[in-house]
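Novice: One file: data_24.csv (CSV, C-alpha atoms and all ligand atoms).
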```csv
chain,number,residue,atom,x,y,z
Q,53,MET,CA,-11.5,13.2,-28.4
Q,54,ARG,CA,-14.7,12.1,-26.7
Q,55,LEU,CA,-14.1,10.1,-23.5
Q,56,ALA,CA,-16.5,8.4,-21.2
Q,57,GLN,CA,-18.0,10.5,-18.4
Q,58,ARG,CA,-16.3,8.3,-15.8
Q,59,MET,CA,-12.9,9.7,-16.9
Q,60,GLN,CA,-13.9,13.0,-15.2
Q,61,ALA,CA,-13.7,11.3,-11.8
Q,62,ILE,CA,-10.2,9.8,-12.3
Q,63,ARG,CA,-6.9,11.5,-11.6
Q,64,PRO,CA,-3.6,10.2,-12.8
Q,65,SER,CA,-1.4,8.6,-10.1
Q,66,ALA,CA,0.4,11.4,-8.3
Q,67,THR,CA,3.3,9.2,-7.3
Q,68,LEU,CA,4.0,8.1,-10.8
Q,69,ALA,CA,3.8,11.7,-12.0
Q,70,VAL,CA,6.5,12.9,-9.5
Q,71,ASN,CA,8.8,10.1,-10.6
Q,72,ALA,CA,8.4,11.1,-14.2
Q,73,LYS,CA,9.2,14.7,-13.3
Q,74,ALA,CA,12.3,13.7,-11.4
Q,75,GLN,CA,13.5,11.5,-14.4
Q,76,GLU,CA,12.9,14.4,-16.7
Q,77,LEU,CA,15.0,16.8,-14.6
Q,78,ARG,CA,17.7,14.1,-14.3
Q,79,ALA,CA,17.7,13.6,-18.1
Q,80,ALA,CA,18.3,17.4,-18.4
Q,81,GLY,CA,21.5,17.0,-16.2
Q,82,LYS,CA,20.1,18.1,-12.8
Q,83,PRO,CA,21.4,15.8,-10.0
Q,84,ILE,CA,18.0,15.0,-8.6
Q,85,VAL,CA,17.6,12.4,-5.7
Q,86,SER,CA,14.2,10.8,-5.6
Q,87,LEU,CA,12.7,10.0,-2.2
Q,88,ALA,CA,9.4,9.6,-4.0
Q,89,VAL,CA,9.6,6.0,-4.9
Q,90,GLY,CA,7.2,3.4,-3.5
Q,91,GLU,CA,9.4,0.3,-4.1
Q,92,PRO,CA,12.3,-1.5,-2.3
Q,93,ASP,CA,15.7,-0.6,-3.7
Q,94,PHE,CA,16.9,-4.2,-3.3
Q,95,PRO,CA,17.2,-6.7,-6.1
Q,96,THR,CA,14.6,-9.6,-6.2
Q,97,PRO,CA,16.1,-12.5,-4.2
Q,98,ALA,CA,18.3,-14.8,-6.3
Q,99,HIS,CA,16.3,-18.0,-5.7
Q,100,VAL,CA,13.2,-16.2,-7.0
Q,101,VAL,CA,15.0,-15.0,-10.1
Q,102,GLU,CA,16.3,-18.6,-10.6
Q,103,ALA,CA,12.8,-20.0,-10.5
Q,104,ALA,CA,11.8,-17.7,-13.3
Q,105,HIS,CA,14.8,-18.7,-15.4
Q,106,GLN,CA,13.8,-22.3,-14.8
Q,107,ALA,CA,10.2,-21.7,-15.8
Q,108,LEU,CA,11.5,-20.2,-19.1
Q,109,ARG,CA,13.9,-23.1,-19.7
Q,110,ASP,CA,10.9,-25.5,-19.1
Q,111,GLY,CA,8.8,-23.6,-21.6
Q,112,PHE,CA,6.3,-22.6,-19.0
Q,113,THR,CA,5.0,-19.9,-21.2
Q,114,ARG,CA,1.3,-20.6,-21.8
Q,115,TYR,CA,-2.0,-19.4,-20.4
Q,116,THR,CA,-2.7,-20.7,-16.9
Q,117,PRO,CA,-5.9,-20.8,-14.9
Q,118,VAL,CA,-7.2,-17.3,-14.3
Q,119,PRO,CA,-6.8,-17.3,-10.5
Q,120,GLY,CA,-3.3,-18.8,-10.7
Q,121,ILE,CA,-1.7,-22.3,-10.9
Q,122,ALA,CA,-2.9,-24.7,-8.2
Q,123,PRO,CA,0.4,-24.9,-6.3
Q,124,LEU,CA,0.6,-21.2,-6.1
Q,125,ARG,CA,-2.9,-20.8,-4.8
Q,126,GLU,CA,-2.1,-23.4,-2.2
Q,127,ALA,CA,1.0,-21.6,-1.2
Q,128,VAL,CA,-0.9,-18.3,-1.0
Q,129,ALA,CA,-3.6,-19.9,1.2
Q,130,ALA,CA,-0.9,-21.4,3.4
Q,131,SER,CA,0.9,-18.1,3.8
Q,132,PHE,CA,-2.0,-16.8,5.9
Q,133,ALA,CA,-0.9,-19.3,8.6
Q,134,ARG,CA,1.5,-16.7,9.7
Q,135,HIS,CA,-1.5,-14.8,11.0
Q,136,GLY,CA,-3.0,-17.9,12.6
Q,137,VAL,CA,-5.4,-18.9,9.8
Q,138,THR,CA,-5.8,-22.7,9.5
Q,139,THR,CA,-8.8,-23.1,7.2
Q,140,ALA,CA,-7.9,-21.2,4.1
Q,141,GLY,CA,-7.8,-23.3,0.9
Q,142,PRO,CA,-7.0,-22.6,-2.7
Q,143,GLU,CA,-10.7,-21.8,-3.3
Q,144,HIS,CA,-10.4,-18.8,-0.9
Q,145,VAL,CA,-7.6,-17.1,-2.8
Q,146,MET,CA,-6.7,-15.8,-6.2
Q,147,VAL,CA,-3.6,-14.4,-7.7
Q,148,THR,CA,-3.8,-10.9,-9.3
Q,149,ASN,CA,-1.7,-8.5,-11.3
Q,150,GLY,CA,-0.3,-6.8,-8.1
Q,151,GLY,CA,-2.2,-5.9,-5.0
Q,152,LYS,CA,-3.7,-3.2,-7.2
Q,153,GLN,CA,-5.8,-5.6,-9.3
Q,154,ALA,CA,-6.9,-7.5,-6.1
Q,155,LEU,CA,-8.3,-4.2,-4.8
Q,156,PHE,CA,-9.9,-3.3,-8.1
Q,157,ASN,CA,-11.5,-6.7,-8.5
Q,158,LEU,CA,-12.9,-6.4,-4.9
Q,159,PHE,CA,-14.4,-2.9,-5.6
Q,160,LEU,CA,-15.9,-4.1,-8.9
Q,161,ALA,CA,-17.3,-7.3,-7.4
Q,162,LEU,CA,-18.8,-5.7,-4.2
Q,163,LEU,CA,-19.9,-2.1,-4.9
Q,164,ASP,CA,-23.2,-1.0,-6.4
Q,165,PRO,CA,-23.6,2.5,-7.8
Q,166,GLY,CA,-23.7,5.0,-5.0
Q,167,ASP,CA,-22.4,2.7,-2.3
Q,168,ALA,CA,-20.3,4.7,0.2
Q,169,VAL,CA,-16.8,3.5,1.1
Q,170,LEU,CA,-15.0,4.8,4.2
Q,171,VAL,CA,-11.4,5.6,3.5
Q,172,PRO,CA,-9.3,6.9,6.4
Q,173,ALA,CA,-6.9,9.6,5.3
Q,174,PRO,CA,-4.1,9.8,4.6
Q,175,TYR,CA,-4.9,7.1,2.2
Q,176,TRP,CA,-3.0,5.2,-0.5
Q,177,VAL,CA,-3.5,7.3,-3.7
Q,178,SER,CA,-5.4,4.8,-5.7
Q,179,TYR,CA,-8.3,3.9,-3.4
Q,180,PRO,CA,-10.6,6.9,-4.1
Q,181,ASP,CA,-10.1,6.6,-7.9
Q,182,MET,CA,-10.6,2.8,-7.9
Q,183,ILE,CA,-13.7,3.2,-5.9
Q,184,ALA,CA,-15.0,5.9,-8.2
Q,185,LEU,CA,-14.3,3.7,-11.2
Q,186,ALA,CA,-16.4,1.0,-9.6
Q,187,GLN,CA,-19.2,3.7,-9.2
Q,188,GLY,CA,-18.8,3.8,-5.5
Q,189,VAL,CA,-18.5,7.0,-3.5
Q,190,PRO,CA,-15.3,7.4,-1.4
Q,191,VAL,CA,-15.9,9.0,2.0
Q,192,VAL,CA,-12.7,10.3,3.4
Q,193,VAL,CA,-12.3,10.1,7.2
Q,194,PRO,CA,-9.5,12.4,8.4
Q,195,THR,CA,-6.9,11.4,11.0
Q,196,GLU,CA,-4.3,13.5,12.9
Q,197,PRO,CA,-0.5,13.3,13.0
Q,198,GLU,CA,-0.6,14.0,16.7
Q,199,ARG,CA,-2.7,10.7,17.1
Q,200,GLY,CA,-0.2,8.8,15.0
Q,201,PHE,CA,-2.6,9.0,12.0
Q,202,LEU,CA,-4.8,6.3,13.5
Q,203,VAL,CA,-8.5,6.5,12.8
Q,204,ASP,CA,-10.8,6.6,15.8
Q,205,LEU,CA,-14.2,5.0,16.1
Q,206,ASP,CA,-16.0,8.4,16.7
Q,207,ALA,CA,-14.7,9.7,13.4
Q,208,LEU,CA,-15.9,6.5,11.7
Q,209,ASP,CA,-19.3,6.8,13.4
Q,210,ALA,CA,-19.6,10.4,12.2
Q,211,ALA,CA,-18.9,9.4,8.6
Q,212,CYS,CA,-21.2,6.4,8.6
Q,213,THR,CA,-24.6,6.6,6.8
Q,214,PRO,CA,-27.2,4.0,5.6
Q,215,ARG,CA,-25.3,4.0,2.3
Q,216,THR,CA,-22.0,2.9,3.9
Q,217,ARG,CA,-21.1,-0.5,2.4
Q,218,MET,CA,-17.4,-0.8,3.0
Q,219,LEU,CA,-14.3,0.3,5.0
Q,220,VAL,CA,-10.8,0.2,3.6
Q,221,LEU,CA,-8.0,-0.3,6.1
Q,222,ASN,CA,-4.4,-0.2,5.3
Q,223,SER,CA,-1.9,-1.2,7.9
Q,224,PRO,CA,1.0,-0.5,7.9
Q,225,SER,CA,0.0,2.5,5.9
Q,226,ASN,CA,1.3,4.1,2.7
Q,227,PRO,CA,1.9,7.1,3.1
Q,228,THR,CA,2.2,7.4,6.9
Q,229,GLY,CA,3.8,4.1,8.0
Q,230,ALA,CA,1.2,4.0,10.8
Q,231,HIS,CA,0.5,0.5,12.1
Q,232,TYR,CA,-2.5,-0.7,14.1
Q,233,THR,CA,-1.9,-3.1,16.9
Q,234,GLN,CA,-3.9,-6.3,16.7
Q,235,GLU,CA,-6.1,-5.0,19.5
Q,236,ALA,CA,-6.8,-1.8,17.6
Q,237,MET,CA,-7.4,-3.7,14.4
Q,238,ASP,CA,-9.8,-6.0,16.3
Q,239,GLN,CA,-11.7,-3.0,17.5
Q,240,LEU,CA,-12.1,-1.6,14.0
Q,241,ALA,CA,-13.2,-5.0,12.7
Q,242,ALA,CA,-15.8,-5.4,15.5
Q,243,TRP,CA,-17.1,-1.9,14.8
Q,244,ALA,CA,-17.6,-2.7,11.1
Q,245,HIS,CA,-18.9,-6.2,11.7
Q,246,ASP,CA,-21.6,-4.9,14.1
Q,247,ARG,CA,-22.8,-2.5,11.4
Q,248,GLY,CA,-22.7,-5.0,8.5
Q,249,ILE,CA,-19.9,-3.0,6.8
Q,250,PHE,CA,-17.6,-5.1,4.6
Q,251,VAL,CA,-13.9,-4.6,5.5
Q,252,VAL,CA,-11.1,-4.6,2.8
Q,253,SER,CA,-7.8,-5.0,4.7
Q,254,ASP,CA,-4.8,-4.0,2.6
Q,255,GLU,CA,-1.9,-5.7,4.3
Q,256,ILE,CA,0.7,-5.4,1.5
Q,257,TYR,CA,3.3,-4.0,4.0
Q,258,ASP,CA,2.5,-6.6,6.8
Q,259,GLN,CA,6.1,-8.1,6.6
Q,260,LEU,CA,7.6,-4.6,7.1
Q,261,VAL,CA,6.6,-4.0,10.7
Q,262,TYR,CA,9.5,-3.0,13.0
Q,263,PRO,CA,10.0,-4.5,16.5
Q,264,PRO,CA,8.9,-3.9,19.2
Q,265,ALA,CA,5.7,-3.4,17.1
Q,266,ALA,CA,4.2,-6.8,16.2
Q,267,PRO,CA,2.6,-7.8,12.9
Q,268,ALA,CA,-1.2,-7.7,12.9
Q,269,SER,CA,-3.9,-8.8,10.4
Q,270,LEU,CA,-7.6,-9.2,9.8
Q,271,ALA,CA,-7.1,-12.7,8.3
Q,272,ARG,CA,-8.5,-14.3,11.5
Q,273,TRP,CA,-11.6,-12.1,11.1
Q,274,TRP,CA,-12.0,-13.4,7.6
Q,275,GLU,CA,-11.8,-16.9,9.0
Q,276,ARG,CA,-14.6,-16.3,11.5
Q,277,HIS,CA,-16.8,-14.1,9.2
Q,278,PRO,CA,-15.7,-14.8,5.6
Q,279,GLU,CA,-18.7,-12.9,4.1
Q,280,GLY,CA,-17.6,-9.7,5.9
Q,281,PHE,CA,-13.8,-9.4,5.3
Q,282,ALA,CA,-11.2,-9.7,2.5
Q,283,VAL,CA,-7.5,-9.4,2.9
Q,284,VAL,CA,-5.2,-8.1,0.2
Q,285,ASN,CA,-1.5,-8.8,0.0
Q,286,GLY,CA,1.3,-9.4,-2.5
Q,287,LEU,CA,5.0,-9.9,-3.0
Q,288,ALA,CA,6.0,-6.4,-4.3
Q,289,LYS,CA,7.1,-4.9,-1.0
Q,290,SER,CA,8.1,-8.0,1.0
Q,291,HIS,CA,10.2,-9.7,-1.7
Q,292,ALA,CA,11.3,-6.6,-3.7
Q,293,MET,CA,9.2,-7.8,-6.7
Q,294,THR,CA,7.3,-4.7,-7.8
Q,295,GLY,CA,7.9,-5.3,-11.5
Q,296,TRP,CA,6.8,-8.9,-11.4
Q,297,ARG,CA,3.2,-7.9,-10.6
Q,298,VAL,CA,2.1,-10.5,-8.1
Q,299,GLY,CA,-0.7,-9.8,-5.7
Q,300,TYR,CA,-3.3,-11.9,-4.1
Q,301,VAL,CA,-6.5,-11.8,-2.0
Q,302,LEU,CA,-8.1,-13.9,0.7
Q,303,ALA,CA,-11.9,-13.9,0.5
Q,304,HIS,CA,-15.2,-15.9,0.6
Q,305,ALA,CA,-15.2,-18.6,-2.0
Q,306,ASP,CA,-18.2,-17.0,-3.7
Q,307,LEU,CA,-16.5,-13.6,-3.9
Q,308,ILE,CA,-13.4,-15.3,-5.3
Q,309,LYS,CA,-15.6,-16.8,-8.0
Q,310,ALA,CA,-17.0,-13.4,-8.8
Q,311,MET,CA,-13.6,-11.9,-9.1
Q,312,ILE,CA,-12.4,-14.7,-11.3
Q,313,LYS,CA,-15.2,-13.8,-13.7
Q,314,ILE,CA,-14.1,-10.2,-13.7
Q,315,GLN,CA,-10.4,-11.0,-14.2
Q,316,GLY,CA,-11.3,-13.7,-16.8
Q,317,GLN,CA,-13.0,-11.1,-18.9
Q,318,SER,CA,-10.3,-8.5,-18.5
Q,319,THR,CA,-6.7,-9.5,-17.9
Q,320,SER,CA,-6.9,-13.4,-17.3
Q,321,ASN,CA,-4.0,-15.0,-15.5
Q,322,ILE,CA,-0.9,-13.0,-14.4
Q,323,CYS,CA,2.3,-13.8,-16.2
Q,324,SER,CA,3.1,-17.5,-16.0
Q,325,ILE,CA,6.8,-16.9,-15.3
Q,326,ALA,CA,6.0,-14.6,-12.5
Q,327,GLN,CA,3.8,-17.2,-11.0
Q,328,LYS,CA,6.7,-19.7,-10.8
Q,329,ALA,CA,8.8,-17.0,-9.2
Q,330,ALA,CA,6.0,-16.2,-6.7
Q,331,LEU,CA,5.8,-19.9,-5.8
Q,332,ALA,CA,9.6,-19.9,-5.0
Q,333,ALA,CA,9.2,-16.6,-3.0
Q,334,LEU,CA,6.3,-18.0,-0.9
Q,335,THR,CA,7.8,-21.5,-0.3
Q,336,GLY,CA,11.5,-20.7,-0.1
Q,337,ASP,CA,13.8,-19.4,2.6
Q,338,ASP,CA,12.5,-16.1,3.9
Q,339,ALA,CA,15.9,-14.9,5.3
Q,340,CYS,CA,15.8,-12.3,2.5
Q,341,VAL,CA,12.6,-10.8,3.8
Q,342,GLN,CA,14.1,-10.5,7.3
Q,343,SER,CA,17.3,-8.9,6.1
Q,344,MET,CA,15.4,-6.3,4.0
Q,345,ARG,CA,13.2,-5.6,7.1
Q,346,GLN,CA,16.3,-5.0,9.2
Q,347,ALA,CA,17.7,-2.6,6.6
Q,348,PHE,CA,14.4,-0.6,6.4
Q,349,GLN,CA,14.2,-0.4,10.2
Q,350,ARG,CA,17.8,1.0,10.4
Q,351,ARG,CA,16.9,3.6,7.7
Q,352,ARG,CA,13.7,4.5,9.5
Q,353,ASP,CA,15.7,5.2,12.7
Q,354,LEU,CA,18.3,7.2,10.7
Q,355,ALA,CA,15.6,9.2,9.0
Q,356,MET,CA,13.6,9.9,12.2
Q,357,ASP,CA,16.8,11.1,14.0
Q,358,MET,CA,17.2,13.7,11.2
Q,359,VAL,CA,13.6,14.7,10.7
Q,360,GLN,CA,13.1,15.3,14.4
Q,361,THR,CA,15.7,18.1,14.2
Q,362,TRP,CA,13.7,20.0,11.5
Q,363,PRO,CA,12.2,23.2,12.7
Q,364,LYS,CA,8.3,23.4,13.1
Q,365,VAL,CA,7.9,19.9,11.7
Q,366,VAL,CA,5.8,17.2,13.3
Q,367,CYS,CA,6.4,13.6,12.3
Q,368,PRO,CA,5.0,10.6,14.2
Q,369,LYS,CA,7.4,7.6,14.3
Q,370,PRO,CA,6.2,5.0,11.7
Q,371,GLN,CA,6.0,1.4,12.9
Q,372,GLY,CA,6.1,-0.1,9.4
Q,373,ALA,CA,6.3,0.3,5.6
Q,374,PHE,CA,9.1,2.6,4.3
Q,375,TYR,CA,7.6,6.1,4.4
Q,376,LEU,CA,7.7,9.1,6.7
Q,377,PHE,CA,4.8,11.6,6.5
Q,378,PRO,CA,5.9,14.8,8.2
Q,379,ARG,CA,3.5,17.6,8.8
Q,380,VAL,CA,5.1,20.8,7.4
Q,381,ASP,CA,2.2,23.3,7.2
Q,382,ALA,CA,3.7,25.5,9.9
Q,383,LEU,CA,6.2,26.4,7.3
Q,384,TYR,CA,3.6,27.4,4.6
Q,385,SER,CA,3.6,31.0,3.5
Q,386,PRO,CA,2.1,33.0,0.5
Q,387,ALA,CA,5.1,31.8,-1.5
Q,388,VAL,CA,4.8,28.2,-0.4
Q,389,PRO,CA,1.1,27.8,0.3
Q,390,ASP,CA,0.5,24.0,0.1
Q,391,SER,CA,2.1,20.6,-0.2
Q,392,ALA,CA,2.5,20.7,-4.0
Q,393,ALA,CA,4.3,24.1,-3.7
Q,394,MET,CA,6.4,22.7,-0.8
Q,395,CYS,CA,7.5,19.7,-3.0
Q,396,ALA,CA,8.2,22.0,-5.9
Q,397,TYR,CA,10.3,24.2,-3.6
Q,398,LEU,CA,12.2,21.2,-2.3
Q,399,LEU,CA,12.9,19.9,-5.8
Q,400,GLU,CA,14.4,23.3,-6.6
Q,401,ALA,CA,16.1,24.1,-3.4
Q,402,ALA,CA,17.3,20.7,-2.2
Q,403,SER,CA,17.2,18.7,-5.5
Q,404,VAL,CA,15.0,16.1,-3.8
Q,405,ALA,CA,11.8,14.7,-5.3
Q,406,LEU,CA,9.0,14.0,-2.8
Q,407,VAL,CA,5.2,13.4,-3.1
Q,408,PRO,CA,2.8,16.2,-1.9
Q,409,GLY,CA,0.5,15.1,0.9
Q,410,ALA,CA,-2.5,16.3,-1.0
Q,411,ALA,CA,-2.2,13.2,-3.2
Q,412,PHE,CA,-2.9,11.1,-0.1
Q,413,GLY,CA,-5.7,13.4,1.2
Q,414,ASP,CA,-3.6,15.5,3.6
Q,415,ASP,CA,-2.3,18.8,2.3
Q,416,ARG,CA,-0.5,19.6,5.5
Q,417,CYS,CA,2.1,16.9,4.9
Q,418,ILE,CA,4.7,15.6,2.4
Q,419,ARG,CA,5.7,11.9,1.8
Q,420,ILE,CA,9.3,10.8,2.1
Q,421,SER,CA,10.3,7.3,1.0
Q,422,TYR,CA,13.3,5.8,2.8
Q,423,ALA,CA,13.7,3.0,0.3
Q,424,VAL,CA,17.1,4.2,-0.8
Q,425,ASP,CA,20.6,3.5,0.5
Q,426,ASP,CA,21.8,5.1,3.8
Q,427,ALA,CA,24.3,7.5,2.2
Q,428,THR,CA,21.7,8.8,-0.3
Q,429,LEU,CA,19.1,9.1,2.4
Q,430,THR,CA,21.4,11.0,4.8
Q,431,GLU,CA,22.5,13.4,2.1
Q,432,ALA,CA,18.9,14.1,0.8
Q,433,LEU,CA,17.4,14.6,4.3
Q,434,GLY,CA,20.3,16.9,5.1
Q,435,ALA,CA,19.5,19.0,2.1
Q,436,ILE,CA,15.8,19.1,2.9
Q,437,GLY,CA,16.5,20.1,6.5
Q,438,GLN,CA,18.6,23.0,5.3
Q,439,ALA,CA,16.0,24.1,2.7
Q,440,LEU,CA,13.2,24.0,5.3
Q,441,ALA,CA,15.3,26.0,7.7
Q,442,ARG,CA,15.5,28.8,5.1
Q,443,LEU,CA,11.6,29.0,5.2
Q,444,CYS,CA,11.6,29.8,9.0
Z,501,LIG,C1,-1.0,0.5,0.3
Z,501,LIG,C2,-0.7,-0.1,-1.1
Z,501,LIG,N1,-1.6,-1.0,-1.5
Z,501,LIG,C3,-1.4,-1.7,-2.7
Z,501,LIG,C4,-0.3,-1.4,-3.5
Z,501,LIG,C5,-0.2,-2.1,-4.8
Z,501,LIG,O1,0.9,-2.9,-4.9
Z,501,LIG,P1,1.2,-3.8,-6.2
Z,501,LIG,O2,2.5,-3.2,-6.7
Z,501,LIG,O3,1.3,-5.2,-5.6
Z,501,LIG,O4,0.1,-3.6,-7.1
Z,501,LIG,C6,0.6,-0.4,-3.1
Z,501,LIG,C7,1.8,-0.1,-3.9
Z,501,LIG,O5,2.4,0.9,-3.8
Z,501,LIG,C8,0.4,0.2,-1.8
Z,501,LIG,O6,1.3,1.1,-1.3
```
So that I can check it, write out the structure of this file as structure tokens.
Specialist:
Amino acid sequence: MRLAQRMQAIRPSATLAVNAKAQELRAAGKPIVSLAVGEPDFPTPAHVVEAAHQALRDGFTRYTPVPGIAPLREAVAASFARHGVTTAGPEHVMVTNGGKQALFNLFLALLDPGDAVLVPAPYWVSYPDMIALAQGVPVVVPTEPERGFLVDLDALDAACTPRTRMLVLNSPSNPTGAHYTQEAMDQLAAWAHDRGIFVVSDEIYDQLVYPPAAPASLARWWERHPEGFAVVNGLAKSHAMTGWRVGYVLAHADLIKAMIKIQGQSTSNICSIAQKAALAALTGDDACVQSMRQAFQRRRDLAMDMVQTWPKVVCPKPQGAFYLFPRVDALYSPAVPDSAAMCAYLLEAASVALVPGAAFGDDRCIRISYAVDDATLTEALGAIGQALARLC
């Protein structure tokens, strides 16, 4: 089969591959627990589900405008008020098939062939491949667990060249849970702005920040410099709506128009029913968001208490999202030489599925998702701790 050259630059999503492997082993009768998932384990809130039922009963089943129905675009624009934005209107936002399509639209609309994009590592798995598909060049900027996986300006300076067009920030981060304070985000934004570097801020976990850490955003930077910033968000993580595929982006009105062209020639509007559900999520009571956040914070604390007892493992305390990203390379050996081998070992020895850090650009680490119930989490982390101790 002859495929296009661009396929050589693209890898399949590692997280989806691990989930498939875990399901295969389960189907073969092995009691595998998966801590590899990147989605909340809660059901979608009832009022959101009811809005979808109502949309079906109303026969709301036809094409809609490509960037979303007007009330939804208005609600999306209004949602940025939680970060102090007062001037966003429907023309500054569009609704996409998950945050994923918002990112893909941005890369396609902004990158010329050979444009370099700074991607702090550990990074979310899809950034480098999406950038490559858009003919950009991902430039990975490493960070250290001992510094909480936060990128510093010297490292960005060192990676910057005249070809640098863009910086992708993700806070809170998948896979590390690292979260920049508003002050730190402002510093990064100022650094990029001074150099004419466009910033894509992926804030899909911004509602999952655990006190005393406070939410932070680059939405105000967009408001002051709309031609230099775009903010991506969505409902998958905040409202347990991964399957509904609702993302959105805040950007300059001209950039939104360009992305509407791309989406109009590729996928068109997202599902009409999901749009009605999204409207209910954005305009309804957000007590559900707060109670999920509290549950995740409790699990984060429970998980950290256990991981801290693991021998030779370093794990910064995440301030957001629902992942831990412990550094485990002090336990590597000829038999277990890297993160993929470590995850294979833990699948065998602890019956727990995890994602190798290599998939996120850091082979020293493994990713643990704590988006599972407390009992499952306690049991799985206990089994991992015992299996790691056997490697000492
Ligand atoms: C950092 C990050 N950005 C974007 C996405 C895409 O989310 P969605 O399901 O809305 O496409 C994810 C999903 O895992 C993510 O972790």
Novice: Taking only C-alpha atoms and all ligand atoms and a cut-off of 9 Å, can you tell me which residues surround ligand LIG 501 (chain Z), written as a PyMOL selection string?
Specialist: chain Q and resi 89-91+148-155+175-179+222-227+254-257+284-289+293-300+373
Novice: Keeping only C-alpha atoms, write those residues as a PDB file, in the frame of the given file.
Specialist:
```pdb
ATOM      1  CA  VAL Q  89       9.600   6.000  -4.900  1.00  0.00           C
ATOM      2  CA  GLY Q  90       7.200   3.400  -3.500  1.00  0.00           C
ATOM      3  CA  GLU Q  91       9.400   0.300  -4.100  1.00  0.00           C
ATOM      4  CA  THR Q 148      -3.800 -10.900  -9.300  1.00  0.00           C
ATOM      5  CA  ASN Q 149      -1.700  -8.500 -11.300  1.00  0.00           C
ATOM      6  CA  GLY Q 150      -0.300  -6.800  -8.100  1.00  0.00           C
ATOM      7  CA  GLY Q 151      -2.200  -5.900  -5.000  1.00  0.00           C
ATOM      8  CA  LYS Q 152      -3.700  -3.200  -7.200  1.00  0.00           C
ATOM      9  CA  GLN Q 153      -5.800  -5.600  -9.300  1.00  0.00           C
ATOM     10  CA  ALA Q 154      -6.900  -7.500  -6.100  1.00  0.00           C
ATOM     11  CA  LEU Q 155      -8.300  -4.200  -4.800  1.00  0.00           C
ATOM     12  CA  TYR Q 175      -4.900   7.100   2.200  1.00  0.00           C
ATOM     13  CA  TRP Q 176      -3.000   5.200  -0.500  1.00  0.00           C
ATOM     14  CA  VAL Q 177      -3.500   7.300  -3.700  1.00  0.00           C
ATOM     15  CA  SER Q 178      -5.400   4.800  -5.700  1.00  0.00           C
ATOM     16  CA  TYR Q 179      -8.300   3.900  -3.400  1.00  0.00           C
ATOM     17  CA  ASN Q 222      -4.400  -0.200   5.300  1.00  0.00           C
ATOM     18  CA  SER Q 223      -1.900  -1.200   7.900  1.00  0.00           C
ATOM     19  CA  PRO Q 224       1.000  -0.500   7.900  1.00  0.00           C
ATOM     20  CA  SER Q 225       0.000   2.500   5.900  1.00  0.00           C
ATOM     21  CA  ASN Q 226       1.300   4.100   2.700  1.00  0.00           C
ATOM     22  CA  PRO Q 227       1.900   7.100   3.100  1.00  0.00           C
ATOM     23  CA  ASP Q 254      -4.800  -4.000   2.600  1.00  0.00           C
ATOM     24  CA  GLU Q 255      -1.900  -5.700   4.300  1.00  0.00           C
ATOM     25  CA  ILE Q 256       0.700  -5.400   1.500  1.00  0.00           C
ATOM     26  CA  TYR Q 257       3.300  -4.000   4.000  1.00  0.00           C
ATOM     27  CA  VAL Q 284      -5.200  -8.100   0.200  1.00  0.00           C
ATOM     28  CA  ASN Q 285      -1.500  -8.800   0.000  1.00  0.00           C
ATOM     29  CA  GLY Q 286       1.300  -9.400  -2.500  1.00  0.00           C
ATOM     30  CA  LEU Q 287       5.000  -9.900  -3.000  1.00  0.00           C
ATOM     31  CA  ALA Q 288       6.000  -6.400  -4.300  1.00  0.00           C
ATOM     32  CA  LYS Q 289       7.100  -4.900  -1.000  1.00  0.00           C
ATOM     33  CA  MET Q 293       9.200  -7.800  -6.700  1.00  0.00           C
ATOM     34  CA  THR Q 294       7.300  -4.700  -7.800  1.00  0.00           C
ATOM     35  CA  GLY Q 295       7.900  -5.300 -11.500  1.00  0.00           C
ATOM     36  CA  TRP Q 296       6.800  -8.900 -11.400  1.00  0.00           C
ATOM     37  CA  ARG Q 297       3.200  -7.900 -10.600  1.00  0.00           C
ATOM     38  CA  VAL Q 298       2.100 -10.500  -8.100  1.00  0.00           C
ATOM     39  CA  GLY Q 299      -0.700  -9.800  -5.700  1.00  0.00           C
ATOM     40  CA  TYR Q 300      -3.300 -11.900  -4.100  1.00  0.00           C
ATOM     41  CA  ALA Q 373       6.300   0.300   5.600  1.00  0.00           C
TER      42      ALA Q 373
END
```
Novice: Find the residues around Met182 in chain Q up to 9 Å (all atoms listed in the file counted), leave out those fewer than 5 positions away in its own chain, and share them as a PyMOL selection string.
Specialist: chain Q and resi 62+155-156+159-160+187-188
Novice: Could you list, as a PyMOL selection string, every residue within 12 Å of Pro389 in chain Q, counting all atoms listed in the file and ignoring same-chain residues fewer than 5 positions away?
Specialist: chain Q and resi 380-384+394-397+408+415-417+443
Novice: Which is closer to Val359 in chain Q than all the others in Q:Gln239, Q:Gln106, Q:Gln75, Q:Gln438, using all atoms listed in the file?
Specialist: Q:Gln438
Novice: For a cutoff of 12 Å around the file-coordinate point (-6.1, -19.2, -12.4), which residues qualify once you count all atoms listed in the file? I'd like the result as a PyMOL selection string.
Specialist: chain Q and resi 115-126+142-143+145-149+300+308-309+311-313+315-316+319-324+327
Novice: May I have the residues within 12 Å of Glu235 in chain Q as JSON, numbers by chain, using only C-alpha atoms and disregarding those fewer than 6 positions away in the same chain?
Specialist: {"Q": [241, 242, 266, 267, 268, 269, 270]}
Novice: Q:Leu307, Q:Ala333, Q:Leu354, Q:Ala265: which is nearest Ala230 in chain Q, counting only C-alpha atoms?
Specialist: Q:Ala265
Novice: Compare Q:Trp362, Q:Trp243, Q:Phe281, Q:Phe201 by their minimum atom-to-atom distance to Ala435 in chain Q, counting all atoms listed in the file, and give me the closest one.
Specialist: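 Checking each of Q:Trp362, Q:Trp243, Q:Phe281, Q:Phe201 against Ala435 in chain Q, counting all atoms listed in the file, the winner is Q:Trp362.
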